[in-house]
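**Student:** Okay, so here is structure04.cif, and as you'll see once you scroll down, it has mmCIF, N, CA and C atoms.
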```
data_upload
loop_
_atom_site.label_atom_id
_atom_site.label_comp_id
_atom_site.auth_asym_id
_atom_site.auth_seq_id
_atom_site.Cartn_x
_atom_site.Cartn_y
_atom_site.Cartn_z
N MET Q 1 197.14 -39.36 -54.57
CA MET Q 1 198.12 -39.39 -55.64
C MET Q 1 198.55 -37.95 -55.96
N SER Q 2 199.85 -37.75 -56.04
CA SER Q 2 200.34 -36.40 -56.31
C SER Q 2 200.35 -36.12 -57.81
N LYS Q 3 200.12 -34.85 -58.13
CA LYS Q 3 200.11 -34.39 -59.52
C LYS Q 3 201.54 -34.26 -60.03
N LYS Q 4 201.78 -34.71 -61.27
CA LYS Q 4 203.10 -34.57 -61.87
C LYS Q 4 203.35 -33.10 -62.19
N VAL Q 5 204.48 -32.61 -61.74
CA VAL Q 5 204.85 -31.21 -61.96
C VAL Q 5 205.33 -31.05 -63.40
N GLN Q 6 204.80 -30.07 -64.08
CA GLN Q 6 205.17 -29.78 -65.47
C GLN Q 6 206.01 -28.50 -65.51
N ILE Q 7 207.16 -28.58 -66.13
CA ILE Q 7 207.99 -27.39 -66.35
C ILE Q 7 208.51 -27.42 -67.78
N THR Q 8 208.98 -26.27 -68.24
CA THR Q 8 209.68 -26.20 -69.51
C THR Q 8 210.99 -25.46 -69.29
N LEU Q 9 211.97 -25.83 -70.06
CA LEU Q 9 213.26 -25.16 -70.05
C LEU Q 9 213.35 -24.31 -71.31
N GLN Q 10 213.61 -23.03 -71.13
CA GLN Q 10 213.74 -22.11 -72.26
C GLN Q 10 215.11 -21.44 -72.20
N PRO Q 11 215.79 -21.31 -73.33
CA PRO Q 11 217.10 -20.65 -73.34
C PRO Q 11 216.99 -19.23 -72.76
N ILE Q 12 218.08 -18.79 -72.14
CA ILE Q 12 218.15 -17.42 -71.66
C ILE Q 12 218.36 -16.53 -72.90
N THR Q 13 217.51 -15.53 -73.02
CA THR Q 13 217.55 -14.62 -74.17
C THR Q 13 217.49 -13.17 -73.68
N ARG Q 14 217.55 -12.25 -74.62
CA ARG Q 14 217.42 -10.85 -74.23
C ARG Q 14 216.03 -10.54 -73.70
N ASP Q 15 215.07 -11.41 -73.99
CA ASP Q 15 213.70 -11.19 -73.51
C ASP Q 15 213.47 -11.68 -72.08
N ASN Q 16 214.29 -12.61 -71.59
CA ASN Q 16 214.00 -13.15 -70.26
C ASN Q 16 215.16 -13.02 -69.26
N TRP Q 17 216.30 -12.54 -69.67
CA TRP Q 17 217.45 -12.52 -68.77
C TRP Q 17 217.24 -11.62 -67.57
N LYS Q 18 216.58 -10.48 -67.75
CA LYS Q 18 216.37 -9.58 -66.62
C LYS Q 18 215.43 -10.19 -65.59
N ALA Q 19 214.40 -10.87 -66.05
CA ALA Q 19 213.50 -11.55 -65.11
C ALA Q 19 214.24 -12.67 -64.40
N CYS Q 20 215.12 -13.33 -65.11
CA CYS Q 20 215.88 -14.44 -64.52
C CYS Q 20 216.83 -13.94 -63.43
N ILE Q 21 217.48 -12.80 -63.66
CA ILE Q 21 218.42 -12.32 -62.64
C ILE Q 21 217.68 -11.75 -61.42
N ALA Q 22 216.38 -11.51 -61.55
CA ALA Q 22 215.60 -11.05 -60.41
C ALA Q 22 215.23 -12.19 -59.46
N LEU Q 23 215.38 -13.44 -59.91
CA LEU Q 23 215.09 -14.58 -59.05
C LEU Q 23 216.17 -14.70 -57.98
N SER Q 24 215.79 -15.25 -56.84
CA SER Q 24 216.75 -15.41 -55.75
C SER Q 24 216.37 -16.61 -54.89
N VAL Q 25 217.38 -17.31 -54.42
CA VAL Q 25 217.13 -18.43 -53.51
C VAL Q 25 216.77 -17.89 -52.13
N ASP Q 26 216.34 -18.79 -51.27
CA ASP Q 26 216.05 -18.46 -49.88
C ASP Q 26 217.31 -17.91 -49.21
N GLU Q 27 217.14 -17.01 -48.28
CA GLU Q 27 218.27 -16.38 -47.59
C GLU Q 27 219.25 -17.43 -47.04
N SER Q 28 218.74 -18.53 -46.53
CA SER Q 28 219.59 -19.58 -45.95
C SER Q 28 220.42 -20.31 -47.00
N GLN Q 29 220.12 -20.10 -48.29
CA GLN Q 29 220.83 -20.78 -49.37
C GLN Q 29 221.80 -19.89 -50.14
N LYS Q 30 221.84 -18.62 -49.79
CA LYS Q 30 222.62 -17.66 -50.59
C LYS Q 30 224.12 -17.95 -50.63
N ASP Q 31 224.64 -18.64 -49.63
CA ASP Q 31 226.06 -18.99 -49.65
C ASP Q 31 226.35 -20.22 -50.51
N PHE Q 32 225.31 -20.88 -50.98
CA PHE Q 32 225.48 -22.14 -51.70
C PHE Q 32 225.49 -21.99 -53.22
N VAL Q 33 224.97 -20.91 -53.75
CA VAL Q 33 224.86 -20.78 -55.21
C VAL Q 33 225.07 -19.32 -55.61
N PRO Q 34 225.89 -19.08 -56.65
CA PRO Q 34 226.05 -17.70 -57.13
C PRO Q 34 224.73 -17.16 -57.68
N THR Q 35 224.67 -15.87 -57.84
CA THR Q 35 223.47 -15.25 -58.41
C THR Q 35 223.31 -15.68 -59.86
N ASN Q 36 222.10 -15.57 -60.36
CA ASN Q 36 221.85 -15.88 -61.76
C ASN Q 36 222.58 -14.90 -62.67
N LEU Q 37 222.73 -13.66 -62.25
CA LEU Q 37 223.49 -12.69 -63.04
C LEU Q 37 224.92 -13.19 -63.24
N TYR Q 38 225.55 -13.65 -62.18
CA TYR Q 38 226.91 -14.18 -62.29
C TYR Q 38 226.93 -15.38 -63.23
N SER Q 39 225.99 -16.29 -63.06
CA SER Q 39 225.96 -17.52 -63.87
C SER Q 39 225.75 -17.22 -65.35
N ILE Q 40 224.85 -16.29 -65.65
CA ILE Q 40 224.58 -15.92 -67.05
C ILE Q 40 225.83 -15.26 -67.65
N ALA Q 41 226.47 -14.39 -66.88
CA ALA Q 41 227.70 -13.75 -67.36
C ALA Q 41 228.79 -14.79 -67.59
N GLU Q 42 228.96 -15.71 -66.65
CA GLU Q 42 229.98 -16.74 -66.78
C GLU Q 42 229.75 -17.60 -68.03
N ALA Q 43 228.50 -17.90 -68.31
CA ALA Q 43 228.16 -18.75 -69.47
C ALA Q 43 228.57 -18.11 -70.79
N GLN Q 44 228.70 -16.79 -70.82
CA GLN Q 44 229.09 -16.11 -72.05
C GLN Q 44 230.53 -16.43 -72.45
N PHE Q 45 231.33 -16.89 -71.48
CA PHE Q 45 232.73 -17.17 -71.74
C PHE Q 45 233.02 -18.66 -71.90
N TYR Q 46 232.00 -19.49 -71.72
CA TYR Q 46 232.15 -20.93 -71.84
C TYR Q 46 231.07 -21.47 -72.77
N PRO Q 47 231.36 -21.60 -74.06
CA PRO Q 47 230.34 -22.03 -75.01
C PRO Q 47 229.76 -23.41 -74.70
N GLU Q 48 230.48 -24.21 -73.91
CA GLU Q 48 229.96 -25.53 -73.56
C GLU Q 48 228.92 -25.46 -72.43
N ALA Q 49 228.72 -24.29 -71.84
CA ALA Q 49 227.74 -24.10 -70.77
C ALA Q 49 226.46 -23.50 -71.35
N GLN Q 50 225.35 -24.12 -71.07
CA GLN Q 50 224.07 -23.70 -71.63
C GLN Q 50 223.12 -23.25 -70.51
N PRO Q 51 222.76 -21.95 -70.48
CA PRO Q 51 221.86 -21.46 -69.44
C PRO Q 51 220.39 -21.54 -69.89
N PHE Q 52 219.53 -21.97 -68.99
CA PHE Q 52 218.10 -22.08 -69.27
C PHE Q 52 217.27 -21.52 -68.12
N ALA Q 53 216.17 -20.90 -68.49
CA ALA Q 53 215.16 -20.47 -67.53
C ALA Q 53 214.18 -21.63 -67.33
N ILE Q 54 213.72 -21.79 -66.11
CA ILE Q 54 212.74 -22.83 -65.78
C ILE Q 54 211.39 -22.15 -65.61
N TYR Q 55 210.41 -22.60 -66.41
CA TYR Q 55 209.05 -22.06 -66.33
C TYR Q 55 208.10 -23.14 -65.84
N ASN Q 56 207.12 -22.75 -65.02
CA ASN Q 56 206.13 -23.72 -64.56
C ASN Q 56 205.02 -23.88 -65.59
N GLU Q 57 204.05 -24.71 -65.26
CA GLU Q 57 202.96 -25.02 -66.20
C GLU Q 57 202.13 -23.80 -66.56
N ALA Q 58 202.14 -22.78 -65.72
CA ALA Q 58 201.40 -21.54 -66.00
C ALA Q 58 202.24 -20.53 -66.79
N GLY Q 59 203.46 -20.91 -67.15
CA GLY Q 59 204.33 -20.01 -67.90
C GLY Q 59 205.07 -19.01 -67.03
N GLN Q 60 205.07 -19.22 -65.72
CA GLN Q 60 205.76 -18.33 -64.78
C GLN Q 60 207.21 -18.77 -64.61
N LEU Q 61 208.13 -17.82 -64.67
CA LEU Q 61 209.54 -18.10 -64.47
C LEU Q 61 209.76 -18.47 -63.00
N VAL Q 62 210.32 -19.66 -62.76
CA VAL Q 62 210.48 -20.13 -61.38
C VAL Q 62 211.92 -20.48 -61.02
N GLY Q 63 212.81 -20.59 -62.02
CA GLY Q 63 214.17 -20.99 -61.69
C GLY Q 63 215.13 -20.87 -62.85
N PHE Q 64 216.33 -21.39 -62.63
CA PHE Q 64 217.43 -21.27 -63.58
C PHE Q 64 218.29 -22.51 -63.48
N VAL Q 65 218.82 -22.95 -64.61
CA VAL Q 65 219.76 -24.07 -64.63
C VAL Q 65 220.83 -23.79 -65.69
N LEU Q 66 222.05 -24.20 -65.37
CA LEU Q 66 223.19 -24.04 -66.26
C LEU Q 66 223.90 -25.39 -66.33
N TYR Q 67 223.99 -25.95 -67.52
CA TYR Q 67 224.66 -27.24 -67.66
C TYR Q 67 225.47 -27.27 -68.94
N GLY Q 68 226.34 -28.25 -69.04
CA GLY Q 68 227.16 -28.42 -70.24
C GLY Q 68 228.32 -29.35 -69.94
N ARG Q 69 229.34 -29.27 -70.75
CA ARG Q 69 230.52 -30.12 -70.54
C ARG Q 69 231.50 -29.41 -69.62
N ASP Q 70 231.99 -30.14 -68.67
CA ASP Q 70 233.02 -29.65 -67.77
C ASP Q 70 234.34 -29.61 -68.53
N ILE Q 71 235.00 -28.46 -68.56
CA ILE Q 71 236.22 -28.35 -69.36
C ILE Q 71 237.39 -29.15 -68.77
N LEU Q 72 237.37 -29.42 -67.48
CA LEU Q 72 238.46 -30.19 -66.88
C LEU Q 72 238.32 -31.69 -67.10
N SER Q 73 237.11 -32.21 -66.87
CA SER Q 73 236.92 -33.66 -66.96
C SER Q 73 236.38 -34.12 -68.31
N GLY Q 74 235.76 -33.20 -69.05
CA GLY Q 74 235.10 -33.57 -70.31
C GLY Q 74 233.74 -34.21 -70.11
N LYS Q 75 233.34 -34.39 -68.86
CA LYS Q 75 232.04 -35.01 -68.56
C LYS Q 75 230.93 -33.95 -68.58
N TRP Q 76 229.72 -34.42 -68.77
CA TRP Q 76 228.56 -33.54 -68.65
C TRP Q 76 228.39 -33.15 -67.20
N LYS Q 77 228.00 -31.90 -66.98
CA LYS Q 77 227.90 -31.40 -65.61
C LYS Q 77 226.76 -30.39 -65.51
N VAL Q 78 226.05 -30.46 -64.41
CA VAL Q 78 225.09 -29.41 -64.07
C VAL Q 78 225.86 -28.44 -63.17
N PHE Q 79 226.15 -27.26 -63.71
CA PHE Q 79 226.96 -26.29 -62.98
C PHE Q 79 226.15 -25.56 -61.92
N ARG Q 80 224.91 -25.22 -62.26
CA ARG Q 80 224.06 -24.48 -61.32
C ARG Q 80 222.61 -24.89 -61.54
N MET Q 81 221.88 -24.91 -60.45
CA MET Q 81 220.42 -25.09 -60.54
C MET Q 81 219.83 -24.39 -59.33
N MET Q 82 218.87 -23.54 -59.58
CA MET Q 82 218.21 -22.85 -58.48
C MET Q 82 216.73 -22.69 -58.78
N VAL Q 83 215.95 -22.65 -57.71
CA VAL Q 83 214.52 -22.35 -57.80
C VAL Q 83 214.29 -21.14 -56.89
N ASP Q 84 213.55 -20.17 -57.39
CA ASP Q 84 213.26 -18.96 -56.63
C ASP Q 84 212.66 -19.31 -55.26
N ALA Q 85 213.03 -18.54 -54.26
CA ALA Q 85 212.59 -18.81 -52.88
C ALA Q 85 211.07 -18.96 -52.78
N ALA Q 86 210.32 -18.14 -53.50
CA ALA Q 86 208.85 -18.19 -53.44
C ALA Q 86 208.27 -19.42 -54.13
N GLN Q 87 209.10 -20.13 -54.90
CA GLN Q 87 208.61 -21.27 -55.67
C GLN Q 87 209.18 -22.61 -55.21
N GLN Q 88 209.93 -22.59 -54.11
CA GLN Q 88 210.55 -23.82 -53.64
C GLN Q 88 209.54 -24.76 -52.99
N ARG Q 89 209.92 -26.03 -52.93
CA ARG Q 89 209.11 -27.11 -52.33
C ARG Q 89 207.81 -27.36 -53.10
N LYS Q 90 207.87 -27.12 -54.41
CA LYS Q 90 206.71 -27.39 -55.28
C LYS Q 90 207.05 -28.44 -56.33
N GLY Q 91 208.27 -28.97 -56.30
CA GLY Q 91 208.68 -30.00 -57.24
C GLY Q 91 209.35 -29.48 -58.50
N TYR Q 92 209.55 -28.17 -58.60
CA TYR Q 92 210.13 -27.61 -59.82
C TYR Q 92 211.59 -28.01 -60.00
N GLY Q 93 212.36 -28.06 -58.91
CA GLY Q 93 213.76 -28.43 -59.01
C GLY Q 93 213.93 -29.85 -59.52
N GLN Q 94 213.16 -30.77 -58.97
CA GLN Q 94 213.24 -32.16 -59.40
C GLN Q 94 212.79 -32.31 -60.86
N ALA Q 95 211.70 -31.64 -61.22
CA ALA Q 95 211.21 -31.72 -62.60
C ALA Q 95 212.24 -31.14 -63.57
N ALA Q 96 212.88 -30.04 -63.19
CA ALA Q 96 213.90 -29.43 -64.06
C ALA Q 96 215.10 -30.35 -64.20
N MET Q 97 215.54 -30.93 -63.10
CA MET Q 97 216.69 -31.84 -63.18
C MET Q 97 216.37 -33.05 -64.05
N LYS Q 98 215.17 -33.57 -63.96
CA LYS Q 98 214.80 -34.71 -64.81
C LYS Q 98 214.86 -34.33 -66.28
N GLN Q 99 214.42 -33.11 -66.61
CA GLN Q 99 214.50 -32.67 -68.02
C GLN Q 99 215.95 -32.49 -68.47
N VAL Q 100 216.78 -31.94 -67.59
CA VAL Q 100 218.20 -31.78 -67.94
C VAL Q 100 218.83 -33.15 -68.16
N ILE Q 101 218.53 -34.09 -67.29
CA ILE Q 101 219.06 -35.45 -67.45
C ILE Q 101 218.61 -36.03 -68.79
N GLU Q 102 217.33 -35.84 -69.15
CA GLU Q 102 216.82 -36.33 -70.44
C GLU Q 102 217.56 -35.68 -71.61
N LYS Q 103 217.88 -34.40 -71.50
CA LYS Q 103 218.62 -33.71 -72.56
C LYS Q 103 220.05 -34.26 -72.68
N ILE Q 104 220.70 -34.45 -71.56
CA ILE Q 104 222.09 -34.91 -71.56
C ILE Q 104 222.19 -36.34 -72.08
N VAL Q 105 221.26 -37.20 -71.70
CA VAL Q 105 221.34 -38.60 -72.11
C VAL Q 105 221.29 -38.75 -73.63
N ARG Q 106 220.74 -37.77 -74.33
CA ARG Q 106 220.66 -37.81 -75.79
C ARG Q 106 221.91 -37.26 -76.46
N GLN Q 107 222.87 -36.78 -75.67
CA GLN Q 107 224.09 -36.18 -76.20
C GLN Q 107 225.21 -37.23 -76.31
N PRO Q 108 226.20 -36.97 -77.17
CA PRO Q 108 227.35 -37.88 -77.21
C PRO Q 108 227.99 -37.97 -75.81
N ASP Q 109 228.33 -39.16 -75.42
CA ASP Q 109 228.93 -39.41 -74.10
C ASP Q 109 228.01 -38.97 -72.95
N GLY Q 110 226.71 -38.98 -73.18
CA GLY Q 110 225.76 -38.56 -72.16
C GLY Q 110 225.39 -39.67 -71.19
N ASP Q 111 226.39 -40.42 -70.75
CA ASP Q 111 226.13 -41.55 -69.87
C ASP Q 111 226.44 -41.28 -68.41
N GLU Q 112 227.08 -40.15 -68.13
CA GLU Q 112 227.38 -39.75 -66.75
C GLU Q 112 227.20 -38.25 -66.61
N ILE Q 113 226.73 -37.85 -65.43
CA ILE Q 113 226.54 -36.43 -65.15
C ILE Q 113 227.14 -36.11 -63.79
N LEU Q 114 227.96 -35.09 -63.76
CA LEU Q 114 228.52 -34.59 -62.50
C LEU Q 114 227.68 -33.44 -61.97
N ILE Q 115 227.70 -33.29 -60.66
CA ILE Q 115 227.10 -32.12 -60.02
C ILE Q 115 227.89 -31.84 -58.76
N CYS Q 116 227.97 -30.59 -58.37
CA CYS Q 116 228.63 -30.22 -57.13
C CYS Q 116 227.66 -29.41 -56.28
N TYR Q 117 227.77 -29.59 -54.98
CA TYR Q 117 226.97 -28.80 -54.05
C TYR Q 117 227.70 -28.73 -52.72
N HIS Q 118 227.33 -27.77 -51.90
CA HIS Q 118 227.95 -27.60 -50.60
C HIS Q 118 227.37 -28.60 -49.61
N LYS Q 119 228.25 -29.24 -48.85
CA LYS Q 119 227.85 -30.29 -47.91
C LYS Q 119 226.70 -29.85 -46.99
N PRO Q 120 226.70 -28.63 -46.45
CA PRO Q 120 225.59 -28.23 -45.57
C PRO Q 120 224.24 -28.03 -46.29
N ASN Q 121 224.25 -28.01 -47.61
CA ASN Q 121 223.02 -27.79 -48.38
C ASN Q 121 222.21 -29.09 -48.43
N GLN Q 122 221.44 -29.33 -47.39
CA GLN Q 122 220.69 -30.58 -47.27
C GLN Q 122 219.60 -30.71 -48.33
N ALA Q 123 219.02 -29.60 -48.77
CA ALA Q 123 218.00 -29.65 -49.82
C ALA Q 123 218.61 -30.19 -51.12
N ALA Q 124 219.80 -29.70 -51.46
CA ALA Q 124 220.49 -30.18 -52.67
C ALA Q 124 220.84 -31.66 -52.51
N HIS Q 125 221.39 -32.01 -51.36
CA HIS Q 125 221.76 -33.41 -51.12
C HIS Q 125 220.55 -34.32 -51.29
N LYS Q 126 219.44 -33.96 -50.72
CA LYS Q 126 218.22 -34.77 -50.81
C LYS Q 126 217.75 -34.90 -52.26
N LEU Q 127 217.69 -33.78 -52.97
CA LEU Q 127 217.24 -33.78 -54.36
C LEU Q 127 218.12 -34.67 -55.22
N TYR Q 128 219.42 -34.47 -55.16
CA TYR Q 128 220.32 -35.20 -56.04
C TYR Q 128 220.39 -36.68 -55.68
N THR Q 129 220.32 -37.00 -54.40
CA THR Q 129 220.29 -38.40 -53.98
C THR Q 129 219.04 -39.09 -54.50
N GLN Q 130 217.89 -38.42 -54.40
CA GLN Q 130 216.64 -38.99 -54.91
C GLN Q 130 216.71 -39.26 -56.41
N LEU Q 131 217.49 -38.47 -57.13
CA LEU Q 131 217.62 -38.65 -58.57
C LEU Q 131 218.68 -39.69 -58.94
N GLY Q 132 219.39 -40.20 -57.95
CA GLY Q 132 220.36 -41.26 -58.21
C GLY Q 132 221.82 -40.83 -58.21
N PHE Q 133 222.10 -39.56 -57.93
CA PHE Q 133 223.49 -39.12 -57.84
C PHE Q 133 224.14 -39.74 -56.61
N VAL Q 134 225.40 -40.14 -56.76
CA VAL Q 134 226.14 -40.77 -55.67
C VAL Q 134 227.37 -39.90 -55.38
N GLU Q 135 227.55 -39.56 -54.10
CA GLU Q 135 228.70 -38.75 -53.71
C GLU Q 135 229.99 -39.46 -54.07
N GLN Q 136 230.91 -38.70 -54.66
CA GLN Q 136 232.22 -39.22 -55.05
C GLN Q 136 233.33 -38.70 -54.15
N ALA Q 137 233.23 -37.42 -53.77
CA ALA Q 137 234.29 -36.79 -52.99
C ALA Q 137 233.75 -35.51 -52.34
N VAL Q 138 234.46 -35.08 -51.29
CA VAL Q 138 234.20 -33.80 -50.64
C VAL Q 138 235.54 -33.09 -50.53
N ASP Q 139 235.62 -31.86 -51.08
CA ASP Q 139 236.91 -31.16 -51.03
C ASP Q 139 237.10 -30.44 -49.70
N SER Q 140 238.23 -29.77 -49.55
CA SER Q 140 238.57 -29.10 -48.29
C SER Q 140 237.63 -27.94 -47.95
N LYS Q 141 236.88 -27.45 -48.94
CA LYS Q 141 235.92 -26.36 -48.71
C LYS Q 141 234.51 -26.89 -48.44
N GLY Q 142 234.37 -28.21 -48.39
CA GLY Q 142 233.06 -28.80 -48.13
C GLY Q 142 232.18 -28.91 -49.36
N VAL Q 143 232.78 -28.85 -50.54
CA VAL Q 143 232.02 -29.00 -51.78
C VAL Q 143 232.00 -30.48 -52.17
N VAL Q 144 230.80 -30.99 -52.30
CA VAL Q 144 230.58 -32.39 -52.66
C VAL Q 144 230.53 -32.51 -54.17
N THR Q 145 231.21 -33.50 -54.72
CA THR Q 145 231.06 -33.87 -56.12
C THR Q 145 230.28 -35.17 -56.14
N ALA Q 146 229.18 -35.18 -56.90
CA ALA Q 146 228.35 -36.39 -57.02
C ALA Q 146 228.23 -36.75 -58.49
N LEU Q 147 227.99 -38.03 -58.74
CA LEU Q 147 227.94 -38.55 -60.09
C LEU Q 147 226.67 -39.37 -60.30
N LEU Q 148 226.04 -39.16 -61.43
CA LEU Q 148 224.89 -39.97 -61.85
C LEU Q 148 225.34 -40.77 -63.05
N LYS Q 149 225.31 -42.11 -62.93
CA LYS Q 149 225.63 -42.99 -64.05
C LYS Q 149 224.30 -43.39 -64.69
N LEU Q 150 224.17 -43.11 -65.98
CA LEU Q 150 222.90 -43.34 -66.67
C LEU Q 150 222.85 -44.70 -67.37
N PHE Q 151 224.00 -45.31 -67.65
CA PHE Q 151 224.02 -46.60 -68.31
C PHE Q 151 224.94 -47.53 -67.57
#
```
Would you encode the structure as structure tokens?
**Tutor:**
Amino acid sequence: MSKKVQITLQPITRDNWKACIALSVDESQKDFVPTNLYSIAEAQFYPEAQPFAIYNEAGQLVGFVLYGRDILSGKWKVFRMMVDAAQQRKGYGQAAMKQVIEKIVRQPDGDEILICYHKPNQAAHKLYTQLGFVEQAVDSKGVVTALLKLF
């Protein structure tokens, strides 16, 4: 029997932002997700986007997630999610996504969640499919839009 992975989501603050921007995905994933520095900076201009640091059960910073309302569709969306290369394949990404889903479901109109990822990113495809996201479309740049219907 596998142990349930425990994580906590903490807001990005002046105390943890530098540690968060030091995190990096595996070299093979660098074309799939912007840096955390870019994501944190971008969130400053979109009040509907909420950046969080992902900490493991030992209190170690292991990843980053940015979610909120998509300004074009009005739907809830996970804009970015990453786990540091040294911490991947430990269940942190799935545990973090489950917590984000739990947070969104308690929000007004929290019945659907959008996510986008690059078609070649098989790790993202596997994770989001396991969580119930269903591909809706693939654009000309190979970016997949997937939707999770909660109700």
**Student:** Quick one, how far is CA of Ala95 in chain Q from CA of Leu23 in chain Q?
**Tutor:**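 Between CA of Ala95 in chain Q and CA of Leu23 in chain Q the gap works out to 17.9 Å.
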**Student:** For a test of reading the model, state the distance in Å between atom C of Leu148 in chain Q and atom N of Val65 in chain Q, rounded to one decimal.
**Tutor:**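 Rounded to one decimal, the two atoms are 19.0 Å apart.
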**Student:** May I have all residues of range 21-121 of chain Q that DSSP, computed from the backbone, assigns to strand (DSSP E), given as an NGL selection string?
**Tutor:** :Q and (49-56 or 61-69 or 76-83 or 112-118)
**Student:** Would you list the contacts of Ala22 in chain Q as a VMD selection string, taking every protein, DNA or RNA residue within 8 Å and counting only N, CA and C atoms, but skipping same-chain residues closer than 4 positions in sequence?
**Tutor:** chain Q and resid 16 to 18 36 to 37 84
**Student:** I'd like the box whose edges run along x, y and z of the file and which contains every listed atom of range 74-83 of chain Q, padded by 8 Å per side; could you state its centre and edge lengths in Å, one decimal, as AutoDock Vina command-line options?
**Tutor:**
```
--center_x 225.0 --center_y -28.1 --center_z -63.6 --size_x 37.5 --size_y 29.9 --size_z 29.4
```
**Student:** Any chance you could resolve the PyMOL selection byres (((chain Q and resi 64 and name CA) around 8) and name CA) against this file and give the residues as a PDB file with N, CA and C atoms, in the frame of the given file?
**Tutor:**
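Written out: out25.pdb:
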```
ATOM      1  N   CYS Q  20     215.120 -13.330 -65.110  1.00  0.00           N
ATOM      2  CA  CYS Q  20     215.880 -14.440 -64.520  1.00  0.00           C
ATOM      3  C   CYS Q  20     216.830 -13.940 -63.430  1.00  0.00           C
ATOM      4  N   ASN Q  36     222.100 -15.570 -60.360  1.00  0.00           N
ATOM      5  CA  ASN Q  36     221.850 -15.880 -61.760  1.00  0.00           C
ATOM      6  C   ASN Q  36     222.580 -14.900 -62.670  1.00  0.00           C
ATOM      7  N   PRO Q  51     222.760 -21.950 -70.480  1.00  0.00           N
ATOM      8  CA  PRO Q  51     221.860 -21.460 -69.440  1.00  0.00           C
ATOM      9  C   PRO Q  51     220.390 -21.540 -69.890  1.00  0.00           C
ATOM     10  N   PHE Q  52     219.530 -21.970 -68.990  1.00  0.00           N
ATOM     11  CA  PHE Q  52     218.100 -22.080 -69.270  1.00  0.00           C
ATOM     12  C   PHE Q  52     217.270 -21.520 -68.120  1.00  0.00           C
ATOM     13  N   ALA Q  53     216.170 -20.900 -68.490  1.00  0.00           N
ATOM     14  CA  ALA Q  53     215.160 -20.470 -67.530  1.00  0.00           C
ATOM     15  C   ALA Q  53     214.180 -21.630 -67.330  1.00  0.00           C
ATOM     16  N   ILE Q  54     213.720 -21.790 -66.110  1.00  0.00           N
ATOM     17  CA  ILE Q  54     212.740 -22.830 -65.780  1.00  0.00           C
ATOM     18  C   ILE Q  54     211.390 -22.150 -65.610  1.00  0.00           C
ATOM     19  N   VAL Q  62     210.320 -19.660 -62.760  1.00  0.00           N
ATOM     20  CA  VAL Q  62     210.480 -20.130 -61.380  1.00  0.00           C
ATOM     21  C   VAL Q  62     211.920 -20.480 -61.020  1.00  0.00           C
ATOM     22  N   GLY Q  63     212.810 -20.590 -62.020  1.00  0.00           N
ATOM     23  CA  GLY Q  63     214.170 -20.990 -61.690  1.00  0.00           C
ATOM     24  C   GLY Q  63     215.130 -20.870 -62.850  1.00  0.00           C
ATOM     25  N   VAL Q  65     218.820 -22.950 -64.610  1.00  0.00           N
ATOM     26  CA  VAL Q  65     219.760 -24.070 -64.630  1.00  0.00           C
ATOM     27  C   VAL Q  65     220.830 -23.790 -65.690  1.00  0.00           C
ATOM     28  N   LEU Q  66     222.050 -24.200 -65.370  1.00  0.00           N
ATOM     29  CA  LEU Q  66     223.190 -24.040 -66.260  1.00  0.00           C
ATOM     30  C   LEU Q  66     223.900 -25.390 -66.330  1.00  0.00           C
ATOM     31  N   ARG Q  80     224.910 -25.220 -62.260  1.00  0.00           N
ATOM     32  CA  ARG Q  80     224.060 -24.480 -61.320  1.00  0.00           C
ATOM     33  C   ARG Q  80     222.610 -24.890 -61.540  1.00  0.00           C
ATOM     34  N   MET Q  81     221.880 -24.910 -60.450  1.00  0.00           N
ATOM     35  CA  MET Q  81     220.420 -25.090 -60.540  1.00  0.00           C
ATOM     36  C   MET Q  81     219.830 -24.390 -59.330  1.00  0.00           C
ATOM     37  N   MET Q  82     218.870 -23.540 -59.580  1.00  0.00           N
ATOM     38  CA  MET Q  82     218.210 -22.850 -58.480  1.00  0.00           C
ATOM     39  C   MET Q  82     216.730 -22.690 -58.780  1.00  0.00           C
ATOM     40  N   VAL Q  83     215.950 -22.650 -57.710  1.00  0.00           N
ATOM     41  CA  VAL Q  83     214.520 -22.350 -57.800  1.00  0.00           C
ATOM     42  C   VAL Q  83     214.290 -21.140 -56.890  1.00  0.00           C
TER      43      VAL Q  83
END
```
**Student:** Give me, as a ChimeraX atom specification, the residues of range 37-71 of chain Q that a backbone DSSP run labels alpha helix (DSSP H).
**Tutor:** /Q:37-43
**Student:** So that each row is one residue of range 14-85 of chain Q with an atom at most 8 Å from range 116-123 of chain Q, can you give its shortest atom pair and the distance in Å to one decimal, using only N, CA and C atoms, rows by chain and rising number, as CSV?
**Tutor:**
```
residue,atom,partner,partner_atom,distance
Q:Gln29,CA,Q:Asn121,CA,7.4
Q:Asp31,C,Q:His118,CA,7.6
Q:Phe32,CA,Q:His118,N,5.9
Q:Val33,N,Q:His118,N,7.5
Q:Lys77,C,Q:Cys116,N,7.2
Q:Val78,C,Q:Cys116,N,5.7
Q:Phe79,CA,Q:Cys116,N,6.4
Q:Arg80,N,Q:Cys116,N,7.3
```
**Student:** For the atom pair CA of Ala96 in chain Q and CA of Phe133 in chain Q, what is the interatomic distance in Å to one decimal place?
**Tutor:**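 Straight-line distance from CA of Ala96 in chain Q to CA of Phe133 in chain Q works out to 15.0 Å.
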**Student:** Selected by the PyMOL selection byres (((chain Q and resi 7 and name CA) around 9) and name CA) in the shown coordinates: which residues, as an MDAnalysis selection string?
**Tutor:** chainID Q and resid 5:6 8:9 54:59 92 95:96 99
**Student:** To verify the selection step, state as a PyMOL selection string which residues the PyMOL selection byres (((chain Q and resi 26 and name CA) around 9) and name CA) yields on this input.
**Tutor:** chain Q and resi 24-25+27-30+83-86+88
**Student:** Contacts of Val134 in chain Q at 6 Å or less, counting all atoms listed in the file, minus same-chain residues fewer than 2 places along, as a list in words?
**Tutor:**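 Selected residues are Gly132, Gln136, Thr145, Ala146, Leu147 and Leu148 of chain Q.
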**Student:** Which is closest to Tyr67 in chain Q among Q:Gln130, Q:Gln87, Q:Ser39, Q:Thr13, if we use only C-alpha atoms?
**Tutor:**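 Once distances to Tyr67 in chain Q are computed over only C-alpha atoms, the minimum belongs to Q:Ser39.
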